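What follows is a single structure, written as structure tokens, with notes after it.
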Amino acid sequence: MTLNPNSVYGRIISELHGGEKLRSCLQCGMCGGSCPSGPDMDHTPRKLFAMIAAGQDDEVLRSNTFWYCVSCYLCTVRCPQEIPITDIMYHLKHQAIQAGLYTTDAVDFSETFIGHVENYGRAFEFGLATQFYLAHHPLGGLKMGPMALAMLSRGRLNLRPTRIKAVRQLRNILNKAKEIGARG
Amino acid sequence: MKYAYYPGCSAESSASAYDATSQMVAAALGLELEEIKDWNCCGATEYFSIDSLPAYALVARNLALAGRQGTSEVIAPCSACYVNLKKVDERMGDYPQLNSDVNEALAAGNLSYTPGSVRARHLLDVICNEVGCDAVSEKVVRPLAGLTLVPYYGCYIGRPEGGFDDVENPQTLDRLLKGLGATVPDYSLKSSCCGGHMTQIGTEVALGILRGLIDLAAKLGADAMVVACPMCQLNLDVYQNQLNSHFGTTYRMPIVYFTQMMALALGMEAAELKFEEGLVPAGPMLEKWQAAEASPQPRKKKSKKALPMPEPLDGGDSG
């Protein structure tokens, strides 16, 4: 069977280092059984891989599975076929964003985080929490208030970001990397 | 030996206690740390999921800067920073195309990096496998006797594979804490995940995970859980109150860094080790320790009638 290179399956195999190992999935279910957030996923990784092989791309990219991945690598080290499952989850996030099919605000969390890194060179915990909660969970944000105050009073929260000196150099590197990534 | 030091972003805010005590302990053990000048964020778990090549380049800049400072090993106390530095170095070595793409990006900032030239090390690895747990144990002046400490490794000490400890049943922190004189129970969730960023994007999922971790530690009689990662500390400590109100539980489990406990045992003053930064107070644990220190339990005399106890094969750790 020839694989459509633009399908979810085809892109994992051609774009991801080690992605070709997905072809050897045995459907054993070790991944889903090991996953700390498996019970809260709408499809376990095992089922998602079957759906990918069956070409159900839309449903795959709308799934919450990879957004609930906590990057713990337990599935990866337990997979008898050595499939880089965590990296495949990352790649599925990437594909879902490109296709505009995501149904979660986790994307904004990641993008806000990255925005700080690209602007300052460092992560900015206070900014991340406030921007994310104000935009998505204003009421939840109120609940976070006491927690933030407790951290603030213990000197664990900086109200202003740190900016590295060579932020221009960093941006040049990142922009170049994006350009290279886009040419594929 | 001189090491490059990569503190990571949390060192500047939520995990300043870890950064401070890491440096204190390193100095006490004669490890020379030189901070990477003008280091940038490692991207945590967020950047790789959005756009992978810039994520590689982001981390590679730190490796390139460490190499330029003339060091061949970089120490990261944060497990997520450690795993990102290690992953980027190894992947660039494994995949020539990736190596050339990342170096093309680095060249836009007049930098370059040769894979394999800077080895990423977790602070726990260097302490236990270079200095050595036994050597640390010999430096202990105030043993942590009387304390039951649960070692919680989280994900990245052993995973992905090829790290410095077992992928599911790591032992480094167990050995270290025993060497400091603490009682260390066998904690079966030692390498389970703390929920990572799920506390932010799917709080209920995270709270369930955290409850399981703290519950088992409490059942084992832990006076504190000992961690080696700022994310683990943040989730277990800062969300413990919310977890209690969500499930109607009453946990008061201090979450401390292994460097704080090491510093105590090496004779540094508790007041200088930033225990007060924990939202769950470490006071009761410290008071219990001081009380045990003031009135040490006499060793039970062996009954003359008892048969001699056979020595275990591996030399044993009956302490």
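Note on naming: chains are A, B, ... as they come in the structure tokens, residues start from 1 per chain, ligands start from 1 in the order shown.
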
Give as a ChimeraX atom specification every residue of chain A that touches chain B within 8 Å, counting only C-alpha atoms.
/A:17,36-37,40,68,70-74,76-77,89-91,93-94,97,105-106,109-111,113-114,117,121-125,147,150-151,154-158,164-166,169-170,172-178,180-181

Tell me, as a PDB file with N, CA, C and O atoms, in the first residue's frame, which residues lie within 8 Å of B:Ser72, counting only C-alpha atoms; anything in the same chain fewer than 6 positions away does not count.
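Saved file selection36.pdb follows:
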ATOM      1  N   TYR B   3      32.498  22.454  35.778  1.00  0.00           N
ATOM      2  CA  TYR B   3      31.300  22.178  34.998  1.00  0.00           C
ATOM      3  C   TYR B   3      30.647  23.489  34.591  1.00  0.00           C
ATOM      4  O   TYR B   3      30.686  24.479  35.331  1.00  0.00           O
ATOM      5  N   ALA B   4      30.012  23.476  33.416  1.00  0.00           N
ATOM      6  CA  ALA B   4      29.115  24.582  33.089  1.00  0.00           C
ATOM      7  C   ALA B   4      27.844  24.373  33.901  1.00  0.00           C
ATOM      8  O   ALA B   4      27.447  23.238  34.164  1.00  0.00           O
ATOM      9  N   ALA B  66      27.951  26.850  26.188  1.00  0.00           N
ATOM     10  CA  ALA B  66      28.708  26.077  27.181  1.00  0.00           C
ATOM     11  C   ALA B  66      30.037  25.624  26.592  1.00  0.00           C
ATOM     12  O   ALA B  66      31.082  25.701  27.243  1.00  0.00           O
ATOM     13  N   SER B 117      29.989  17.159  22.042  1.00  0.00           N
ATOM     14  CA  SER B 117      31.092  17.919  22.646  1.00  0.00           C
ATOM     15  C   SER B 117      30.743  18.463  24.036  1.00  0.00           C
ATOM     16  O   SER B 117      31.638  18.778  24.816  1.00  0.00           O
ATOM     17  N   VAL B 118      29.466  18.586  24.356  1.00  0.00           N
ATOM     18  CA  VAL B 118      29.073  19.010  25.704  1.00  0.00           C
ATOM     19  C   VAL B 118      28.042  18.018  26.235  1.00  0.00           C
ATOM     20  O   VAL B 118      26.953  17.893  25.686  1.00  0.00           O
ATOM     21  N   ARG B 119      28.426  17.300  27.283  1.00  0.00           N
ATOM     22  CA  ARG B 119      27.543  16.272  27.820  1.00  0.00           C
ATOM     23  C   ARG B 119      26.645  16.861  28.905  1.00  0.00           C
ATOM     24  O   ARG B 119      27.138  17.525  29.822  1.00  0.00           O
TER      25      ARG B 119
END

So that I can see what lies close to B:Gly267, please list as a count of residues only the residues with an atom at most 8 Å from it, counting only C-alpha atoms and leaving out residues fewer than 5 positions away in the same chain.
3

Å distance separating atom CA of B:Glu34 from atom CA of B:Ile75, one decimal place
9.5 Å

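Among the candidates A:Leu48, A:Val107, A:Ile85, A:Cys75, the one nearest to A:Leu22 when counting only C-alpha atoms is A:Ile85.
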
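Non-sequential neighbours of A:Ala50 (distance at most 12 Å, separation of 3 or more positions within a chain, only C-alpha atoms) are A:Val8, A:Tyr9, A:Leu22, A:Arg23, A:Ser24, A:Cys25, A:Leu26, A:Gln27, A:Cys28, A:Gly29, A:His43, A:Thr44, A:Pro45, A:Arg46, A:Lys47, A:Ala53, A:Ala54, A:Gly55, A:Gln56, A:Asp57, A:Glu59, A:Val60.
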
Only N, CA, C and O atoms, please: the residues just picked out, written as a short mmCIF file (atom, residue, chain, number, x, y, z; two decimals), in the first residue's frame.
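File out38.cif, as written:
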data_model
loop_
_atom_site.label_atom_id
_atom_site.label_comp_id
_atom_site.auth_asym_id
_atom_site.auth_seq_id
_atom_site.Cartn_x
_atom_site.Cartn_y
_atom_site.Cartn_z
N VAL A 8 -1.91 12.21 7.89
CA VAL A 8 -1.30 12.26 9.22
C VAL A 8 -0.21 11.19 9.33
O VAL A 8 0.90 11.46 9.79
N TYR A 9 -0.54 10.00 8.87
CA TYR A 9 0.40 8.87 8.91
C TYR A 9 1.65 9.19 8.08
O TYR A 9 2.79 9.07 8.56
N LEU A 22 6.43 3.76 13.60
CA LEU A 22 4.99 3.63 13.83
C LEU A 22 4.39 2.50 12.99
O LEU A 22 3.40 1.88 13.38
N ARG A 23 5.02 2.21 11.84
CA ARG A 23 4.55 1.11 10.97
C ARG A 23 4.54 -0.22 11.71
O ARG A 23 3.83 -1.14 11.32
N SER A 24 5.40 -0.34 12.74
CA SER A 24 5.53 -1.65 13.39
C SER A 24 4.64 -1.80 14.63
O SER A 24 4.78 -2.76 15.38
N CYS A 25 3.72 -0.85 14.84
CA CYS A 25 2.83 -0.91 16.02
C CYS A 25 2.07 -2.24 16.03
O CYS A 25 1.48 -2.64 15.04
N LEU A 26 2.10 -2.90 17.19
CA LEU A 26 1.46 -4.21 17.34
C LEU A 26 0.04 -4.10 17.90
O LEU A 26 -0.61 -5.11 18.12
N GLN A 27 -0.37 -2.88 18.25
CA GLN A 27 -1.68 -2.70 18.92
C GLN A 27 -1.75 -3.46 20.24
O GLN A 27 -2.78 -4.04 20.59
N CYS A 28 -0.66 -3.46 20.99
CA CYS A 28 -0.65 -4.25 22.23
C CYS A 28 -1.30 -3.50 23.38
O CYS A 28 -1.74 -4.11 24.35
N GLY A 29 -1.31 -2.15 23.31
CA GLY A 29 -1.99 -1.38 24.35
C GLY A 29 -1.15 -1.03 25.55
O GLY A 29 -1.64 -0.44 26.51
N HIS A 43 -9.31 9.05 23.18
CA HIS A 43 -8.81 7.81 22.59
C HIS A 43 -7.45 7.53 23.22
O HIS A 43 -6.63 8.43 23.33
N THR A 44 -7.19 6.27 23.59
CA THR A 44 -5.85 5.95 24.10
C THR A 44 -4.87 6.03 22.93
O THR A 44 -5.29 5.98 21.76
N PRO A 45 -3.56 6.15 23.22
CA PRO A 45 -2.60 6.18 22.11
C PRO A 45 -2.75 4.96 21.18
O PRO A 45 -2.72 5.09 19.96
N ARG A 46 -2.96 3.78 21.75
CA ARG A 46 -3.12 2.58 20.92
C ARG A 46 -4.25 2.76 19.91
O ARG A 46 -4.09 2.53 18.72
N LYS A 47 -5.40 3.23 20.40
CA LYS A 47 -6.54 3.39 19.51
C LYS A 47 -6.26 4.49 18.48
O LYS A 47 -6.62 4.36 17.30
N ALA A 53 -3.70 4.70 11.18
CA ALA A 53 -3.46 3.71 10.12
C ALA A 53 -4.69 3.56 9.23
O ALA A 53 -4.58 3.27 8.03
N ALA A 54 -5.88 3.78 9.81
CA ALA A 54 -7.12 3.66 9.04
C ALA A 54 -7.45 4.94 8.27
O ALA A 54 -8.46 5.01 7.56
N GLY A 55 -6.61 5.98 8.45
CA GLY A 55 -6.81 7.21 7.70
C GLY A 55 -7.91 8.12 8.22
O GLY A 55 -8.41 8.99 7.50
N GLN A 56 -8.29 7.96 9.48
CA GLN A 56 -9.34 8.84 10.05
C GLN A 56 -8.72 10.15 10.54
O GLN A 56 -8.80 10.49 11.74
N ASP A 57 -8.12 10.89 9.62
CA ASP A 57 -7.28 12.02 10.00
C ASP A 57 -8.01 13.11 10.77
O ASP A 57 -7.50 13.65 11.75
N GLU A 59 -10.69 13.01 12.66
CA GLU A 59 -11.02 12.61 14.02
C GLU A 59 -9.76 12.53 14.88
O GLU A 59 -9.77 12.88 16.06
N VAL A 60 -8.69 12.07 14.27
CA VAL A 60 -7.42 11.99 14.99
C VAL A 60 -6.99 13.37 15.45
O VAL A 60 -6.67 13.59 16.63
#

So how many Å separate atom CA of B:Ser22 and atom CA of B:Ala282, to one decimal?
18.2 Å

Please identify the alpha helix (DSSP H) residues within stretch 2-183 of chain A (assignment by DSSP from backbone atoms) and present them as an mmCIF file with C-alpha atoms, in the first residue's frame.
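So the final result, stored in out.cif, reads:
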data_model
loop_
_atom_site.group_PDB
_atom_site.id
_atom_site.type_symbol
_atom_site.label_atom_id
_atom_site.label_comp_id
_atom_site.auth_asym_id
_atom_site.auth_seq_id
_atom_site.Cartn_x
_atom_site.Cartn_y
_atom_site.Cartn_z
ATOM 1 C CA VAL A 8 -1.301 12.262 9.224
ATOM 2 C CA TYR A 9 0.398 8.869 8.908
ATOM 3 C CA GLY A 10 2.539 9.912 5.941
ATOM 4 C CA ARG A 11 3.701 13.087 7.653
ATOM 5 C CA ILE A 12 4.696 11.271 10.858
ATOM 6 C CA ILE A 13 6.757 8.852 8.798
ATOM 7 C CA SER A 14 8.413 11.408 6.550
ATOM 8 C CA GLU A 15 8.847 14.376 8.922
ATOM 9 C CA MET A 30 1.013 -1.001 26.615
ATOM 10 C CA CYS A 31 1.054 2.734 25.850
ATOM 11 C CA GLY A 32 -2.509 3.458 26.935
ATOM 12 C CA GLY A 33 -2.234 1.208 29.958
ATOM 13 C CA SER A 34 0.896 3.055 31.117
ATOM 14 C CA PRO A 45 -2.600 6.176 22.105
ATOM 15 C CA ARG A 46 -3.116 2.581 20.923
ATOM 16 C CA LYS A 47 -6.545 3.395 19.514
ATOM 17 C CA LEU A 48 -5.283 6.623 18.017
ATOM 18 C CA PHE A 49 -2.559 4.724 16.165
ATOM 19 C CA ALA A 50 -5.195 2.369 14.732
ATOM 20 C CA MET A 51 -7.225 5.400 13.625
ATOM 21 C CA ILE A 52 -4.119 6.937 12.039
ATOM 22 C CA ALA A 53 -3.462 3.707 10.121
ATOM 23 C CA ASP A 57 -7.276 12.023 9.997
ATOM 24 C CA ASP A 58 -9.945 14.533 10.982
ATOM 25 C CA GLU A 59 -11.024 12.612 14.023
ATOM 26 C CA VAL A 60 -7.415 11.988 14.988
ATOM 27 C CA LEU A 61 -6.492 15.671 14.873
ATOM 28 C CA ARG A 62 -9.604 16.676 16.859
ATOM 29 C CA LEU A 74 6.618 5.984 30.119
ATOM 30 C CA CYS A 75 4.867 4.697 26.963
ATOM 31 C CA THR A 76 8.036 5.284 24.949
ATOM 32 C CA VAL A 77 10.310 3.251 27.222
ATOM 33 C CA ARG A 78 7.726 0.471 27.579
ATOM 34 C CA ILE A 85 5.353 7.708 21.110
ATOM 35 C CA THR A 86 5.980 10.931 23.040
ATOM 36 C CA ASP A 87 7.571 12.494 19.966
ATOM 37 C CA ILE A 88 4.615 11.334 17.859
ATOM 38 C CA MET A 89 2.303 13.113 20.338
ATOM 39 C CA TYR A 90 4.325 16.300 19.814
ATOM 40 C CA HIS A 91 4.069 15.889 16.066
ATOM 41 C CA LEU A 92 0.304 15.388 16.270
ATOM 42 C CA LYS A 93 -0.007 18.652 18.214
ATOM 43 C CA HIS A 94 1.973 20.338 15.472
ATOM 44 C CA GLN A 95 -0.288 18.854 12.771
ATOM 45 C CA ALA A 96 -3.491 19.726 14.660
ATOM 46 C CA ILE A 97 -2.395 23.352 14.990
ATOM 47 C CA GLN A 98 -1.537 23.574 11.294
ATOM 48 C CA ALA A 99 -4.895 22.063 10.359
ATOM 49 C CA ALA A 106 -3.597 24.084 25.682
ATOM 50 C CA VAL A 107 -2.375 25.601 22.406
ATOM 51 C CA ASP A 108 -2.643 29.098 23.839
ATOM 52 C CA PHE A 109 -0.766 27.971 26.918
ATOM 53 C CA SER A 110 2.103 26.670 24.810
ATOM 54 C CA GLU A 111 2.071 29.678 22.484
ATOM 55 C CA THR A 112 2.030 32.175 25.357
ATOM 56 C CA PHE A 113 4.991 30.325 26.877
ATOM 57 C CA ILE A 114 6.869 30.379 23.581
ATOM 58 C CA GLY A 115 6.034 34.051 23.058
ATOM 59 C CA HIS A 116 7.849 34.888 26.289
ATOM 60 C CA VAL A 117 10.823 32.751 25.336
ATOM 61 C CA GLU A 118 11.093 34.427 21.937
ATOM 62 C CA ASN A 119 10.739 37.929 23.393
ATOM 63 C CA TYR A 120 12.826 37.632 26.529
ATOM 64 C CA GLU A 125 5.910 32.174 35.045
ATOM 65 C CA PHE A 126 3.844 35.052 36.400
ATOM 66 C CA GLY A 127 3.082 36.412 32.927
ATOM 67 C CA LEU A 128 2.176 32.962 31.669
ATOM 68 C CA ALA A 129 -0.272 32.293 34.486
ATOM 69 C CA THR A 130 -1.944 35.704 34.359
ATOM 70 C CA GLN A 131 -2.254 35.922 30.567
ATOM 71 C CA PHE A 132 -3.508 32.355 30.259
ATOM 72 C CA TYR A 133 -6.062 32.563 33.050
ATOM 73 C CA LEU A 134 -7.353 36.004 32.118
ATOM 74 C CA ALA A 135 -7.939 34.842 28.560
ATOM 75 C CA HIS A 136 -9.415 31.407 29.292
ATOM 76 C CA PRO A 138 -11.193 34.397 34.430
ATOM 77 C CA LEU A 139 -13.172 32.749 37.234
ATOM 78 C CA GLY A 140 -10.610 29.994 37.655
ATOM 79 C CA GLY A 141 -8.054 32.779 37.762
ATOM 80 C CA LEU A 142 -9.748 34.182 40.849
ATOM 81 C CA LYS A 143 -9.282 30.832 42.544
ATOM 82 C CA MET A 144 -5.603 31.023 41.660
ATOM 83 C CA GLY A 145 -5.301 34.386 43.420
ATOM 84 C CA PRO A 146 -4.497 33.059 46.907
ATOM 85 C CA MET A 147 -1.987 30.635 45.423
ATOM 86 C CA ALA A 148 -0.231 33.417 43.533
ATOM 87 C CA LEU A 149 -0.174 35.592 46.662
ATOM 88 C CA ALA A 150 1.291 32.737 48.699
ATOM 89 C CA MET A 151 4.038 32.277 46.118
ATOM 90 C CA LEU A 152 4.625 36.011 45.892
ATOM 91 C CA SER A 153 4.978 36.368 49.651
ATOM 92 C CA VAL A 167 17.970 38.508 22.564
ATOM 93 C CA ARG A 168 18.587 39.694 18.997
ATOM 94 C CA GLN A 169 21.016 36.843 18.385
ATOM 95 C CA LEU A 170 18.486 34.374 19.761
ATOM 96 C CA ARG A 171 15.724 35.719 17.525
ATOM 97 C CA ASN A 172 17.978 35.478 14.474
ATOM 98 C CA ILE A 173 18.632 31.836 15.311
ATOM 99 C CA LEU A 174 14.963 31.037 15.892
ATOM 100 C CA ASN A 175 13.810 32.858 12.758
ATOM 101 C CA LYS A 176 16.382 31.017 10.687
ATOM 102 C CA ALA A 177 15.246 27.717 12.213
ATOM 103 C CA LYS A 178 11.627 28.511 11.354
ATOM 104 C CA GLU A 179 12.656 29.317 7.791
ATOM 105 C CA ILE A 180 14.553 26.024 7.463
ATOM 106 C CA GLY A 181 11.672 24.120 9.074
ATOM 107 C CA ALA A 182 9.197 25.642 6.612
ATOM 108 C CA ARG A 183 11.187 24.639 3.536
#

Selected residue, from B:Val150, B:Leu266, B:Val226, B:Cys81, that lies nearest to B:Leu123 when counting only C-alpha atoms:
B:Cys81

Could you pull out the strand (DSSP E) residues of stretch 76-305 of chain B from DSSP and send them as a ChimeraX atom specification?
/B:76,119-122,149-152,224-227,255-257

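Non-sequential neighbours of B:Thr172 (distance at most 8 Å, separation of 2 or more positions within a chain, only C-alpha atoms) are Leu124, Asp125, Cys128, Asp165, Pro170, Asp174, Arg175 and Leu176 of chain B.
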
Residues within 12 Å of stretch 136-138 of chain B, only C-alpha atoms, excluding chain neighbours under 5 positions, as a ChimeraX atom specification
/B:25-26,28-30,124,126-131,143-144,175-182,259,262-263,265-266

Residues of the last selection are to be written out with N, CA and C atoms, as a short mmCIF file (atom, residue, chain, number, x, y, z; two decimals), in the first residue's frame.
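So the final result, stored in selection.cif, reads:
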data_model
loop_
_atom_site.label_atom_id
_atom_site.label_comp_id
_atom_site.auth_asym_id
_atom_site.auth_seq_id
_atom_site.Cartn_x
_atom_site.Cartn_y
_atom_site.Cartn_z
N VAL B 25 25.57 23.15 47.99
CA VAL B 25 26.00 21.76 48.09
C VAL B 25 27.18 21.48 47.15
N ALA B 26 27.09 22.02 45.94
CA ALA B 26 28.18 21.83 44.98
C ALA B 26 29.49 22.37 45.54
N ALA B 28 30.28 22.78 48.66
CA ALA B 28 30.72 21.95 49.78
C ALA B 28 31.39 20.66 49.30
N LEU B 29 31.00 20.20 48.11
CA LEU B 29 31.56 18.95 47.58
C LEU B 29 32.74 19.20 46.65
N GLY B 30 33.10 20.47 46.47
CA GLY B 30 34.24 20.80 45.63
C GLY B 30 33.94 20.76 44.13
N LEU B 124 21.95 15.47 40.29
CA LEU B 124 21.88 14.25 41.10
C LEU B 124 22.87 13.19 40.60
N VAL B 126 25.74 13.75 38.92
CA VAL B 126 27.13 14.13 39.23
C VAL B 126 27.43 13.89 40.70
N ILE B 127 26.47 14.23 41.58
CA ILE B 127 26.70 14.06 43.01
C ILE B 127 26.86 12.58 43.35
N CYS B 128 26.00 11.73 42.80
CA CYS B 128 26.05 10.32 43.21
C CYS B 128 27.06 9.49 42.43
N ASN B 129 27.32 9.87 41.18
CA ASN B 129 28.18 9.02 40.36
C ASN B 129 29.58 9.59 40.12
N GLU B 130 29.79 10.87 40.37
CA GLU B 130 31.14 11.44 40.26
C GLU B 130 31.72 11.64 41.65
N VAL B 131 31.00 12.42 42.46
CA VAL B 131 31.46 12.58 43.85
C VAL B 131 31.29 11.23 44.55
N PRO B 143 23.46 13.62 60.75
CA PRO B 143 22.65 12.65 60.01
C PRO B 143 21.16 12.95 60.12
N LEU B 144 20.42 12.56 59.08
CA LEU B 144 18.98 12.82 59.07
C LEU B 144 18.24 11.69 59.79
N ARG B 175 19.75 5.79 47.43
CA ARG B 175 21.08 5.59 48.00
C ARG B 175 21.58 6.84 48.69
N LEU B 176 21.37 7.98 48.03
CA LEU B 176 21.84 9.25 48.58
C LEU B 176 21.19 9.52 49.94
N LEU B 177 19.86 9.38 50.00
CA LEU B 177 19.14 9.71 51.24
C LEU B 177 19.48 8.74 52.37
N LYS B 178 19.69 7.47 52.02
CA LYS B 178 20.11 6.51 53.04
C LYS B 178 21.48 6.89 53.58
N GLY B 179 22.34 7.33 52.67
CA GLY B 179 23.68 7.76 53.08
C GLY B 179 23.65 8.98 54.00
N LEU B 180 22.57 9.77 53.89
CA LEU B 180 22.44 10.94 54.76
C LEU B 180 21.87 10.54 56.13
N GLY B 181 21.48 9.27 56.24
CA GLY B 181 21.01 8.79 57.54
C GLY B 181 19.50 8.68 57.68
N ALA B 182 18.76 9.00 56.62
CA ALA B 182 17.30 8.95 56.71
C ALA B 182 16.78 7.52 56.51
N THR B 259 18.72 18.71 47.55
CA THR B 259 19.86 19.57 47.91
C THR B 259 19.65 20.24 49.26
N MET B 262 20.43 17.51 51.75
CA MET B 262 21.89 17.28 51.78
C MET B 262 22.58 18.37 52.58
N ALA B 263 22.18 19.63 52.30
CA ALA B 263 22.81 20.76 52.98
C ALA B 263 22.63 20.64 54.50
N ALA B 265 22.25 17.86 56.25
CA ALA B 265 23.09 16.78 56.77
C ALA B 265 24.57 17.16 56.74
N LEU B 266 24.93 18.04 55.80
CA LEU B 266 26.34 18.47 55.72
C LEU B 266 26.65 19.57 56.74
#

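One finds atom CA of B:Ala60 at 21.8 Å from atom CA of B:Pro230.
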